[in-house]
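Raw coords_17.pdb, PDB, C-alpha atoms and all ligand atoms:
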MODEL        1
ATOM      1  CA  MET A   1      49.009 183.490 117.095
ATOM      2  CA  ILE A   2      48.127 180.135 118.671
ATOM      3  CA  ASN A   3      47.217 177.027 116.725
ATOM      4  CA  LEU A   4      45.849 173.820 118.244
ATOM      5  CA  ARG A   5      46.624 170.538 116.462
ATOM      6  CA  LYS A   6      45.860 166.949 117.338
ATOM      7  CA  THR A   7      49.491 165.898 117.161
ATOM      8  CA  LYS A   8      52.942 166.723 115.790
ATOM      9  CA  SER A   9      55.985 164.547 115.099
ATOM     10  CA  LEU A  10      59.141 164.548 117.213
ATOM     11  CA  SER A  11      61.260 165.498 114.174
ATOM     12  CA  ARG A  12      59.232 168.686 113.707
ATOM     13  CA  ILE A  13      59.435 169.485 117.429
ATOM     14  CA  VAL A  14      63.199 169.006 117.311
ATOM     15  CA  ARG A  15      63.555 171.366 114.328
ATOM     16  CA  GLU A  16      61.788 174.077 116.312
ATOM     17  CA  TRP A  17      64.106 173.679 119.314
ATOM     18  CA  ASP A  18      67.115 173.601 116.978
ATOM     19  CA  SER A  19      66.048 176.957 115.523
ATOM     20  CA  ILE A  20      65.493 178.657 118.846
ATOM     21  CA  ALA A  21      68.417 177.093 120.758
ATOM     22  CA  ALA A  22      70.764 180.100 120.537
ATOM     23  CA  ILE A  23      68.003 182.512 121.609
ATOM     24  CA  ARG A  24      67.034 180.293 124.556
ATOM     25  CA  ASP A  25      70.660 180.058 125.630
ATOM     26  CA  GLU A  26      70.973 183.854 125.609
ATOM     27  CA  GLN A  27      67.648 184.385 127.424
ATOM     28  CA  VAL A  28      68.623 182.103 130.284
ATOM     29  CA  ARG A  29      72.294 183.139 130.470
ATOM     30  CA  THR A  30      71.515 186.867 130.671
ATOM     31  CA  GLY A  31      68.806 186.339 133.319
ATOM     32  CA  LYS A  32      66.054 187.620 130.971
ATOM     33  CA  ASP A  33      64.145 184.378 131.474
ATOM     34  CA  HIS A  34      62.877 185.036 134.969
ATOM     35  CA  SER A  35      60.842 181.828 135.280
ATOM     36  CA  ALA A  36      63.739 179.576 134.246
ATOM     37  CA  ASN A  37      66.239 181.238 136.550
ATOM     38  CA  PHE A  38      64.154 182.205 139.544
ATOM     39  CA  VAL A  39      61.159 179.836 139.627
ATOM     40  CA  LEU A  40      61.904 176.545 137.860
ATOM     41  CA  ALA A  41      65.620 176.143 138.563
ATOM     42  CA  PRO A  42      65.381 176.782 142.328
ATOM     43  CA  ALA A  43      62.276 174.575 142.609
ATOM     44  CA  ILE A  44      64.199 171.667 141.064
ATOM     45  CA  LEU A  45      67.656 172.302 142.529
ATOM     46  CA  ASN A  46      66.446 172.872 146.094
ATOM     47  CA  THR A  47      65.012 169.372 146.265
ATOM     48  CA  LEU A  48      67.967 167.436 144.842
ATOM     49  CA  PRO A  49      69.656 164.819 146.979
ATOM     50  CA  ARG A  50      73.355 164.080 146.476
ATOM     51  CA  VAL A  51      73.781 161.058 144.232
ATOM     52  CA  ARG A  52      76.402 159.301 142.135
ATOM     53  CA  SER A  53      74.683 159.622 138.765
ATOM     54  CA  LEU A  54      72.180 162.157 137.432
ATOM     55  CA  VAL A  55      70.498 162.536 134.065
ATOM     56  CA  ASP A  56      68.803 165.675 132.738
ATOM     57  CA  ILE A  57      66.103 164.514 130.321
ATOM     58  CA  GLY A  58      65.407 167.056 127.579
ATOM     59  CA  CYS A  59      68.310 169.182 128.804
ATOM     60  CA  GLY A  60      68.120 171.734 125.978
ATOM     61  CA  THR A  61      71.262 173.880 126.069
ATOM     62  CA  GLY A  62      72.370 172.355 129.380
ATOM     63  CA  TRP A  63      72.071 175.435 131.600
ATOM     64  CA  LEU A  64      70.238 173.443 134.297
ATOM     65  CA  THR A  65      72.395 170.355 133.781
ATOM     66  CA  ARG A  66      75.435 172.415 134.683
ATOM     67  CA  ARG A  67      73.789 173.884 137.782
ATOM     68  CA  ALA A  68      72.691 170.387 138.880
ATOM     69  CA  ALA A  69      76.173 168.955 138.337
ATOM     70  CA  GLN A  70      77.229 169.849 141.892
ATOM     71  CA  TYR A  71      74.828 167.170 143.185
ATOM     72  CA  ALA A  72      76.388 164.210 141.343
ATOM     73  CA  GLU A  73      79.666 162.680 140.212
ATOM     74  CA  VAL A  74      78.499 161.490 136.810
ATOM     75  CA  ILE A  75      76.097 163.728 134.892
ATOM     76  CA  VAL A  76      74.451 163.149 131.515
ATOM     77  CA  GLY A  77      72.289 165.590 129.558
ATOM     78  CA  ILE A  78      70.169 164.193 126.746
ATOM     79  CA  ASP A  79      68.123 166.046 124.165
ATOM     80  CA  PRO A  80      67.195 165.235 120.553
ATOM     81  CA  SER A  81      67.923 168.840 119.515
ATOM     82  CA  HIS A  82      71.474 168.645 118.116
ATOM     83  CA  GLU A  83      71.737 172.424 118.035
ATOM     84  CA  SER A  84      70.874 172.683 121.752
ATOM     85  CA  ILE A  85      73.378 169.951 122.584
ATOM     86  CA  CYS A  86      76.112 171.696 120.543
ATOM     87  CA  ILE A  87      75.513 174.905 122.516
ATOM     88  CA  GLY A  88      75.518 172.939 125.773
ATOM     89  CA  LYS A  89      78.894 171.405 124.930
ATOM     90  CA  ILE A  90      80.381 174.882 124.501
ATOM     91  CA  ASN A  91      78.557 177.158 126.951
ATOM     92  CA  ASN A  92      77.725 174.665 129.694
ATOM     93  CA  LYS A  93      80.810 172.551 129.539
ATOM     94  CA  ASP A  94      81.972 170.645 132.598
ATOM     95  CA  GLU A  95      84.380 167.745 132.510
ATOM     96  CA  ARG A  96      81.912 165.549 134.421
ATOM     97  CA  ILE A  97      78.975 166.235 132.076
ATOM     98  CA  ARG A  98      78.332 164.222 128.931
ATOM     99  CA  TYR A  99      75.815 165.692 126.492
ATOM    100  CA  ILE A 100      74.074 163.235 124.178
ATOM    101  CA  PRO A 101      71.897 164.298 121.211
ATOM    102  CA  GLU A 102      69.136 161.711 121.644
ATOM    103  CA  ALA A 103      65.495 161.513 122.679
ATOM    104  CA  VAL A 104      64.952 159.664 125.963
ATOM    105  CA  GLU A 105      63.207 156.869 124.047
ATOM    106  CA  THR A 106      66.375 156.192 122.014
ATOM    107  CA  PHE A 107      68.731 156.662 124.954
ATOM    108  CA  SER A 108      66.709 154.214 127.087
ATOM    109  CA  LYS A 109      67.654 151.350 124.747
ATOM    110  CA  LYS A 110      71.252 151.533 126.038
ATOM    111  CA  SER A 111      70.363 150.111 129.466
ATOM    112  CA  LYS A 112      72.341 152.748 131.361
ATOM    113  CA  LYS A 113      70.654 153.479 134.717
ATOM    114  CA  PHE A 114      70.844 156.555 136.944
ATOM    115  CA  ASP A 115      70.244 157.407 140.624
ATOM    116  CA  LEU A 116      68.324 160.606 139.828
ATOM    117  CA  ALA A 117      66.618 162.251 136.854
ATOM    118  CA  ILE A 118      65.605 165.859 136.423
ATOM    119  CA  SER A 119      63.645 167.304 133.541
ATOM    120  CA  ASN A 120      62.568 170.908 133.075
ATOM    121  CA  MET A 121      59.533 171.483 130.830
ATOM    122  CA  ALA A 122      60.396 168.568 128.541
ATOM    123  CA  ALA A 123      57.602 166.048 129.283
ATOM    124  CA  SER A 124      55.217 168.648 127.854
ATOM    125  CA  SER A 125      57.395 169.047 124.755
ATOM    126  CA  SER A 126      57.419 165.396 123.822
ATOM    127  CA  PRO A 127      54.775 164.212 121.319
ATOM    128  CA  GLU A 128      54.274 160.924 123.193
ATOM    129  CA  LEU A 129      53.792 161.411 126.927
ATOM    130  CA  GLN A 130      53.484 157.691 127.605
ATOM    131  CA  SER A 131      56.721 156.761 125.835
ATOM    132  CA  PHE A 132      58.560 159.747 127.364
ATOM    133  CA  ILE A 133      57.593 158.668 130.907
ATOM    134  CA  SER A 134      58.182 154.966 130.435
ATOM    135  CA  ALA A 135      61.580 155.591 128.789
ATOM    136  CA  SER A 136      62.436 157.890 131.716
ATOM    137  CA  ARG A 137      61.546 155.061 134.113
ATOM    138  CA  LYS A 138      63.753 152.621 132.155
ATOM    139  CA  ILE A 139      66.865 154.721 132.706
ATOM    140  CA  LEU A 140      66.322 154.953 136.459
ATOM    141  CA  LYS A 141      67.400 152.513 139.136
ATOM    142  CA  ARG A 142      64.783 151.297 141.534
ATOM    143  CA  ASN A 143      64.106 153.929 144.256
ATOM    144  CA  ALA A 144      65.602 156.681 142.121
ATOM    145  CA  LEU A 145      63.791 160.030 142.032
ATOM    146  CA  PHE A 146      62.412 161.667 138.914
ATOM    147  CA  ILE A 147      61.939 165.399 139.527
ATOM    148  CA  PHE A 148      60.353 167.309 136.692
ATOM    149  CA  THR A 149      58.346 170.383 135.815
ATOM    150  CA  ILE A 150      55.499 170.932 133.402
ATOM    151  CA  PRO A 151      53.309 173.900 132.535
ATOM    152  CA  HIS A 152      50.295 173.861 134.867
ATOM    153  CA  PRO A 153      47.621 172.247 132.650
ATOM    154  CA  CYS A 154      44.786 174.162 134.366
ATOM    155  CA  PHE A 155      46.273 177.633 134.146
ATOM    156  CA  TRP A 156      48.806 177.559 131.278
ATOM    157  CA  PRO A 157      45.968 177.671 128.707
ATOM    158  CA  LEU A 158      44.818 180.935 130.351
ATOM    159  CA  TYR A 159      48.357 182.310 130.458
ATOM    160  CA  TRP A 160      48.932 181.495 126.769
ATOM    161  CA  GLY A 161      45.429 182.624 125.805
ATOM    162  CA  TYR A 162      44.004 179.424 124.298
ATOM    163  CA  ALA A 163      41.633 178.485 127.141
ATOM    164  CA  SER A 164      38.855 180.350 125.320
ATOM    165  CA  ASP A 165      39.597 178.792 121.905
ATOM    166  CA  PRO A 166      36.423 176.897 120.909
ATOM    167  CA  ARG A 167      38.559 173.901 119.811
ATOM    168  CA  PHE A 168      40.219 173.628 123.242
ATOM    169  CA  ASN A 169      38.945 170.885 125.506
ATOM    170  CA  TYR A 170      40.771 170.553 128.840
ATOM    171  CA  GLN A 171      40.167 166.793 128.968
ATOM    172  CA  LYS A 172      41.948 166.143 125.662
ATOM    173  CA  SER A 173      45.585 166.288 124.581
ATOM    174  CA  PHE A 174      46.623 168.882 122.005
ATOM    175  CA  ALA A 175      49.773 170.092 120.329
ATOM    176  CA  VAL A 176      49.763 173.841 120.889
ATOM    177  CA  GLU A 177      51.788 175.891 118.414
ATOM    178  CA  GLY A 178      52.661 179.477 119.212
ATOM    179  CA  ASP A 179      55.460 182.017 119.091
ATOM    180  CA  PHE A 180      57.800 181.345 121.980
ATOM    181  CA  LYS A 181      57.482 183.937 124.726
ATOM    182  CA  ILE A 182      58.947 184.635 128.096
ATOM    183  CA  GLN A 183      57.638 187.336 130.442
ATOM    184  CA  SER A 184      60.042 190.004 129.202
ATOM    185  CA  GLU A 185      60.312 189.056 125.526
ATOM    186  CA  ASN A 186      58.180 187.737 122.669
ATOM    187  CA  SER A 187      59.853 185.997 119.744
ATOM    188  CA  ASN A 188      58.613 185.245 116.253
ATOM    189  CA  MET A 189      59.960 181.691 116.485
ATOM    190  CA  MET A 190      57.314 179.006 116.719
ATOM    191  CA  THR A 191      57.578 176.265 119.325
ATOM    192  CA  THR A 192      55.086 173.616 120.303
ATOM    193  CA  HIS A 193      54.062 172.328 123.681
ATOM    194  CA  PHE A 194      51.557 169.597 124.399
ATOM    195  CA  HIS A 195      48.554 170.124 126.611
ATOM    196  CA  HIS A 196      47.520 167.070 128.655
ATOM    197  CA  PRO A 197      45.000 167.076 131.493
ATOM    198  CA  LEU A 198      46.689 166.771 134.876
ATOM    199  CA  ASP A 199      45.216 163.333 135.565
ATOM    200  CA  GLN A 200      46.921 162.049 132.414
ATOM    201  CA  TYR A 201      50.357 163.016 133.753
ATOM    202  CA  LEU A 202      49.592 161.389 137.089
ATOM    203  CA  SER A 203      48.024 158.203 135.734
ATOM    204  CA  THR A 204      50.850 157.790 133.194
ATOM    205  CA  LEU A 205      53.402 158.009 136.003
ATOM    206  CA  LEU A 206      51.511 155.446 138.101
ATOM    207  CA  ALA A 207      51.144 153.081 135.134
ATOM    208  CA  SER A 208      54.888 153.361 134.444
ATOM    209  CA  SER A 209      56.021 152.139 137.878
ATOM    210  CA  PHE A 210      56.443 155.499 139.544
ATOM    211  CA  HIS A 211      55.121 156.395 142.968
ATOM    212  CA  ILE A 212      54.148 160.089 143.187
ATOM    213  CA  GLU A 213      55.732 161.666 146.276
ATOM    214  CA  GLU A 214      55.056 165.357 145.795
ATOM    215  CA  VAL A 215      53.132 167.706 143.525
ATOM    216  CA  THR A 216      53.891 171.412 143.955
ATOM    217  CA  GLU A 217      52.224 174.289 142.129
ATOM    218  CA  LEU A 218      54.640 177.075 141.251
ATOM    219  CA  THR A 219      53.735 180.692 140.656
ATOM    220  CA  GLY A 220      55.783 183.036 138.525
ATOM    221  CA  ARG A 221      56.086 186.794 138.183
ATOM    222  CA  GLY A 222      53.222 188.726 136.567
ATOM    223  CA  PHE A 223      50.579 185.994 136.629
ATOM    224  CA  ARG A 224      48.460 185.490 139.718
ATOM    225  CA  LEU A 225      47.681 181.807 139.184
ATOM    226  CA  PRO A 226      50.114 178.891 139.392
ATOM    227  CA  ARG A 227      52.005 178.658 136.108
ATOM    228  CA  PHE A 228      54.022 175.455 136.538
ATOM    229  CA  ILE A 229      53.868 172.161 138.423
ATOM    230  CA  LEU A 230      56.808 170.341 139.948
ATOM    231  CA  ILE A 231      56.349 166.592 140.319
ATOM    232  CA  LYS A 232      58.562 164.377 142.403
ATOM    233  CA  ALA A 233      58.090 160.688 141.571
ATOM    234  CA  ARG A 234      59.994 157.646 142.791
ATOM    235  CA  ALA A 235      60.840 154.669 140.603
ATOM    236  CA  VAL A 236      59.327 151.537 142.162
TER     237      VAL A 236
HETATM  238  C1  LIG B   1      60.891 173.617 126.729
HETATM  239  S1  LIG B   1      62.407 172.882 126.162
HETATM  240  C2  LIG B   1      63.266 172.758 127.724
HETATM  241  C3  LIG B   1      64.735 172.539 127.575
HETATM  242  C4  LIG B   1      65.522 172.577 128.879
HETATM  243  N1  LIG B   1      65.096 171.557 129.797
HETATM  244  C5  LIG B   1      65.443 173.939 129.506
HETATM  245  O1  LIG B   1      64.996 174.038 130.659
HETATM  246  O2  LIG B   1      65.836 174.926 128.871
HETATM  247  C6  LIG B   1      61.898 171.202 125.837
HETATM  248  C7  LIG B   1      63.021 170.290 125.390
HETATM  249  O3  LIG B   1      62.529 168.939 125.386
HETATM  250  C8  LIG B   1      63.191 168.271 124.347
HETATM  251  N2  LIG B   1      62.441 167.031 124.040
HETATM  252  C9  LIG B   1      61.286 166.895 123.345
HETATM  253  N3  LIG B   1      60.953 165.596 123.243
HETATM  254  C10 LIG B   1      61.909 164.898 123.907
HETATM  255  C11 LIG B   1      62.132 163.517 124.140
HETATM  256  N4  LIG B   1      61.281 162.599 123.673
HETATM  257  N5  LIG B   1      63.227 163.139 124.835
HETATM  258  C12 LIG B   1      64.080 164.073 125.329
HETATM  259  N6  LIG B   1      63.929 165.406 125.128
HETATM  260  C13 LIG B   1      62.855 165.815 124.425
HETATM  261  C14 LIG B   1      63.216 169.298 123.218
HETATM  262  O4  LIG B   1      64.167 168.987 122.217
HETATM  263  C15 LIG B   1      63.527 170.577 123.978
HETATM  264  O5  LIG B   1      64.907 170.849 124.022
ENDMDL
END

Translate this structure into structure tokens?
Ligand SMILES: C[S@@+](CC[C@H](N)C(=O)[O-])C[C@H]1O[C@@H](n2cnc3c(N)ncnc32)[C@H](O)[C@@H]1O
Amino acid sequence: MINLRKTKSLSRIVREWDSIAAIRDEQVRTGKDHSANFVLAPAILNTLPRVRSLVDIGCGTGWLTRRAAQYAEVIVGIDPSHESICIGKINNKDERIRYIPEAVETFSKKSKKFDLAISNMAASSSPELQSFISASRKILKRNALFIFTIPHPCFWPLYWGYASDPRFNYQKSFAVEGDFKIQSENSNMMTTHFHHPLDQYLSTLLASSFHIEEVTELTGRGFRLPRFILIKARAV
């Protein structure tokens, strides 16, 4: 069951990710989550340069943070879901990784700056796209890369089945509530993602002092159309 809302607060979003954190950890660790393991992770990891410091924004349970750790000396994973961070500290432990239970907006007030940021499917989970992107820019050094994925705004509504909802309007932003699903498993745990038209992602990046270097459409298993987008933006 899908429900479209105008907005939803970060605290409510965080509660949802807290509740599903253990399930998500198991889905990725056992390989059940095909898209995470075999589409999104390789798309991000294959483009990473070697750097001194890397931050994973909206790291969830840290499975990708740990895989990305080989590319940097100092690695930080941030996520406002305390439950996800607790799991990360146990299951994706690495002496060079620090996990911090904070939203990027809060973390950006500390004036710590990184050489590279990655973020998997988190920009679309944040209630405020503008503040998520501008806080992400604040924690990057000039010339640093921000490599992140989002659900493909044109085709995700078809994949999730809300494209035909009479309240859906591609040009507008919506909070989309629905039971979390991966290709091989449906859950009865509700999560929320935010739909934004593609031009909103791109114009928000440009307005936040990012230069867009690459936009790649990613296809997954069992859906003919592109399901995700990878964006590579440089802090200017
Ligand atoms: C779809 S999950 C992805 C988690 C992880 N990147 C992964 O690949 O498993 C989205 C994550 O974004 C986090 N998130 C939402 N708003 C955020 C914000 N403003 N700053 C940082 N993380 C945020 C949520 O808590 C959630 O863990």

Using all atoms listed in the file, find each residue of chain A with at least one atom at most 6 Å away from an atom of ligand LIG 1 (chain B); report its shortest atom-to-atom pair and that distance in Å (one decimal), sort the rows by chain and rising residue number, and return the result as CSV.
residue,atom,partner,partner_atom,distance
A:Val14,CA,B:LIG1,O4,5.0
A:Trp17,CA,B:LIG1,O4,5.5
A:Ile57,CA,B:LIG1,C12,5.4
A:Gly58,CA,B:LIG1,N6,3.3
A:Cys59,CA,B:LIG1,N1,4.1
A:Gly60,CA,B:LIG1,C3,3.8
A:Asp79,CA,B:LIG1,N6,4.4
A:Pro80,CA,B:LIG1,O4,5.1
A:Ser81,CA,B:LIG1,O4,4.6
A:Ala103,CA,B:LIG1,N5,3.5
A:Val104,CA,B:LIG1,N5,4.0
A:Ser119,CA,B:LIG1,N1,5.8
A:Asn120,CA,B:LIG1,N1,4.2
A:Met121,CA,B:LIG1,C1,4.8
A:Ala122,CA,B:LIG1,O3,3.8
A:Ser125,CA,B:LIG1,C9,4.7
A:Ser126,CA,B:LIG1,N3,3.6
A:Phe132,CA,B:LIG1,N4,5.4

Export C-alpha atoms of the chosen residues as an mmCIF file, in the coordinates of the input?
data_model
loop_
_atom_site.group_PDB
_atom_site.id
_atom_site.type_symbol
_atom_site.label_atom_id
_atom_site.label_comp_id
_atom_site.auth_asym_id
_atom_site.auth_seq_id
_atom_site.Cartn_x
_atom_site.Cartn_y
_atom_site.Cartn_z
ATOM 1 C CA VAL A 14 63.199 169.006 117.311
ATOM 2 C CA TRP A 17 64.106 173.679 119.314
ATOM 3 C CA ILE A 57 66.103 164.514 130.321
ATOM 4 C CA GLY A 58 65.407 167.056 127.579
ATOM 5 C CA CYS A 59 68.310 169.182 128.804
ATOM 6 C CA GLY A 60 68.120 171.734 125.978
ATOM 7 C CA ASP A 79 68.123 166.046 124.165
ATOM 8 C CA PRO A 80 67.195 165.235 120.553
ATOM 9 C CA SER A 81 67.923 168.840 119.515
ATOM 10 C CA ALA A 103 65.495 161.513 122.679
ATOM 11 C CA VAL A 104 64.952 159.664 125.963
ATOM 12 C CA SER A 119 63.645 167.304 133.541
ATOM 13 C CA ASN A 120 62.568 170.908 133.075
ATOM 14 C CA MET A 121 59.533 171.483 130.830
ATOM 15 C CA ALA A 122 60.396 168.568 128.541
ATOM 16 C CA SER A 125 57.395 169.047 124.755
ATOM 17 C CA SER A 126 57.419 165.396 123.822
ATOM 18 C CA PHE A 132 58.560 159.747 127.364
#

Explicit residues for the PyMOL selection byres (((chain A and resi 113) around 7) and not hetatm) (as a ChimeraX atom specification): /A:111-112,114,139-141

Please produce a file of the residues just selected, as a short mmCIF file (atom, residue, chain, number, x, y, z; two decimals), in the coordinates of the input, where the atoms kept are C-alpha atoms.
data_model
loop_
_atom_site.label_atom_id
_atom_site.label_comp_id
_atom_site.auth_asym_id
_atom_site.auth_seq_id
_atom_site.Cartn_x
_atom_site.Cartn_y
_atom_site.Cartn_z
CA SER A 111 70.36 150.11 129.47
CA LYS A 112 72.34 152.75 131.36
CA PHE A 114 70.84 156.56 136.94
CA ILE A 139 66.86 154.72 132.71
CA LEU A 140 66.32 154.95 136.46
CA LYS A 141 67.40 152.51 139.14
#

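Here atom CA of A:Pro226 stands at a distance of 23.8 Å from atom CA of A:Asp56.
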
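Between A:Ala135 and the candidates A:Ile23, A:Ala235, A:Ala68, A:Ile90, the tightest atom-to-atom separation, counting all atoms listed in the file, involves A:Ala235.
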
Among the residues A:Phe107, A:Phe174, A:Phe180, A:Tyr201, the one that comes closest to A:Trp160 [using only C-alpha atoms]: A:Phe180

Answer key for the PyMOL selection byres (((chain A and resi 89) around 12) and not hetatm), residues as a PyMOL selection string: chain A and resi 25+59-63+65-66+76-78+82-88+90-101

Top pick for closest residue to A:Val39, considering A:Asp18, A:Glu73, A:Glu217, A:Asp165 and counting only C-alpha atoms: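 For A:Val39, the nearest of the given residues is A:Glu217.
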
Close residues, A:Ala175 itself excluded, 12 Å, only C-alpha atoms, min 2 positions apart in chain, as a ChimeraX atom specification: /A:2-10,12-13,124-129,157,162,167-168,172-173,177-178,191-196

Between atom CA of A:Leu116 and atom CA of A:Ala43 - distance in Å to one decimal: 15.5 Å

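With distances taken over only C-alpha atoms, A:Ala144 is the one residue among A:Val176, A:Ala144, A:Ala36, A:Ile44 lying closest to A:His211.
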
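The coordinates place atom CA of A:Ile118 at 16.6 Å from atom CA of A:Leu202.
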
Complete stretch 163-171 of chain A at the level of all heavy atoms, written as an mmCIF file, in the coordinates of the input.
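out.cif, written as the output of this step:
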data_model
loop_
_atom_site.group_PDB
_atom_site.id
_atom_site.type_symbol
_atom_site.label_atom_id
_atom_site.label_comp_id
_atom_site.auth_asym_id
_atom_site.auth_seq_id
_atom_site.Cartn_x
_atom_site.Cartn_y
_atom_site.Cartn_z
ATOM 1 N N ALA A 163 42.710 179.104 126.354
ATOM 2 C CA ALA A 163 41.633 178.485 127.141
ATOM 3 C C ALA A 163 40.273 178.784 126.522
ATOM 4 O O ALA A 163 39.343 177.977 126.605
ATOM 5 C CB ALA A 163 41.688 178.978 128.580
ATOM 6 N N SER A 164 40.158 179.954 125.878
ATOM 7 C CA SER A 164 38.855 180.350 125.320
ATOM 8 C C SER A 164 38.700 179.920 123.852
ATOM 9 O O SER A 164 37.662 180.189 123.250
ATOM 10 C CB SER A 164 38.685 181.860 125.431
ATOM 11 O OG SER A 164 39.794 182.481 124.814
ATOM 12 N N ASP A 165 39.703 179.265 123.293
ATOM 13 C CA ASP A 165 39.597 178.792 121.905
ATOM 14 C C ASP A 165 38.503 177.723 121.844
ATOM 15 O O ASP A 165 38.525 176.766 122.623
ATOM 16 C CB ASP A 165 40.957 178.184 121.489
ATOM 17 C CG ASP A 165 40.995 177.829 120.015
ATOM 18 O OD1 ASP A 165 40.043 177.189 119.522
ATOM 19 O OD2 ASP A 165 41.984 178.168 119.355
ATOM 20 N N PRO A 166 37.530 177.869 120.937
ATOM 21 C CA PRO A 166 36.423 176.897 120.909
ATOM 22 C C PRO A 166 36.885 175.453 120.654
ATOM 23 O O PRO A 166 36.203 174.506 121.039
ATOM 24 C CB PRO A 166 35.548 177.389 119.751
ATOM 25 C CG PRO A 166 36.228 178.563 119.150
ATOM 26 C CD PRO A 166 37.397 178.967 119.990
ATOM 27 N N ARG A 167 38.079 175.282 120.054
ATOM 28 C CA ARG A 167 38.559 173.901 119.811
ATOM 29 C C ARG A 167 39.201 173.294 121.053
ATOM 30 O O ARG A 167 39.444 172.107 121.119
ATOM 31 C CB ARG A 167 39.592 173.889 118.665
ATOM 32 C CG ARG A 167 38.982 174.163 117.299
ATOM 33 C CD ARG A 167 40.055 174.538 116.317
ATOM 34 N NE ARG A 167 40.793 175.710 116.800
ATOM 35 C CZ ARG A 167 41.963 176.134 116.324
ATOM 36 N NH1 ARG A 167 42.546 175.478 115.349
ATOM 37 N NH2 ARG A 167 42.553 177.206 116.812
ATOM 38 N N PHE A 168 39.531 174.140 122.056
ATOM 39 C CA PHE A 168 40.219 173.628 123.242
ATOM 40 C C PHE A 168 39.263 172.855 124.133
ATOM 41 O O PHE A 168 38.156 173.301 124.404
ATOM 42 C CB PHE A 168 40.848 174.786 124.028
ATOM 43 C CG PHE A 168 41.531 174.345 125.292
ATOM 44 C CD1 PHE A 168 42.664 173.549 125.242
ATOM 45 C CD2 PHE A 168 41.034 174.713 126.543
ATOM 46 C CE1 PHE A 168 43.300 173.129 126.410
ATOM 47 C CE2 PHE A 168 41.654 174.291 127.710
ATOM 48 C CZ PHE A 168 42.793 173.503 127.637
ATOM 49 N N ASN A 169 39.715 171.695 124.571
ATOM 50 C CA ASN A 169 38.945 170.885 125.506
ATOM 51 C C ASN A 169 39.940 170.407 126.555
ATOM 52 O O ASN A 169 40.870 169.660 126.231
ATOM 53 C CB ASN A 169 38.324 169.702 124.746
ATOM 54 C CG ASN A 169 37.611 168.739 125.663
ATOM 55 O OD1 ASN A 169 37.751 168.794 126.881
ATOM 56 N ND2 ASN A 169 36.847 167.829 125.077
ATOM 57 N N TYR A 170 39.789 170.858 127.793
ATOM 58 C CA TYR A 170 40.771 170.553 128.840
ATOM 59 C C TYR A 170 41.069 169.054 128.947
ATOM 60 O O TYR A 170 42.201 168.648 129.183
ATOM 61 C CB TYR A 170 40.303 171.089 130.209
ATOM 62 C CG TYR A 170 41.245 170.672 131.317
ATOM 63 C CD1 TYR A 170 42.405 171.401 131.562
ATOM 64 C CD2 TYR A 170 41.009 169.513 132.062
ATOM 65 C CE1 TYR A 170 43.311 170.991 132.524
ATOM 66 C CE2 TYR A 170 41.912 169.108 133.032
ATOM 67 C CZ TYR A 170 43.063 169.845 133.259
ATOM 68 O OH TYR A 170 43.967 169.425 134.208
ATOM 69 N N GLN A 171 40.024 168.244 128.750
ATOM 70 C CA GLN A 171 40.167 166.793 128.968
ATOM 71 C C GLN A 171 40.974 166.093 127.875
ATOM 72 O O GLN A 171 41.301 164.927 128.004
ATOM 73 C CB GLN A 171 38.785 166.119 129.006
ATOM 74 C CG GLN A 171 37.801 166.728 129.978
ATOM 75 C CD GLN A 171 38.157 166.417 131.416
ATOM 76 O OE1 GLN A 171 39.103 165.679 131.681
ATOM 77 N NE2 GLN A 171 37.431 166.999 132.352
#
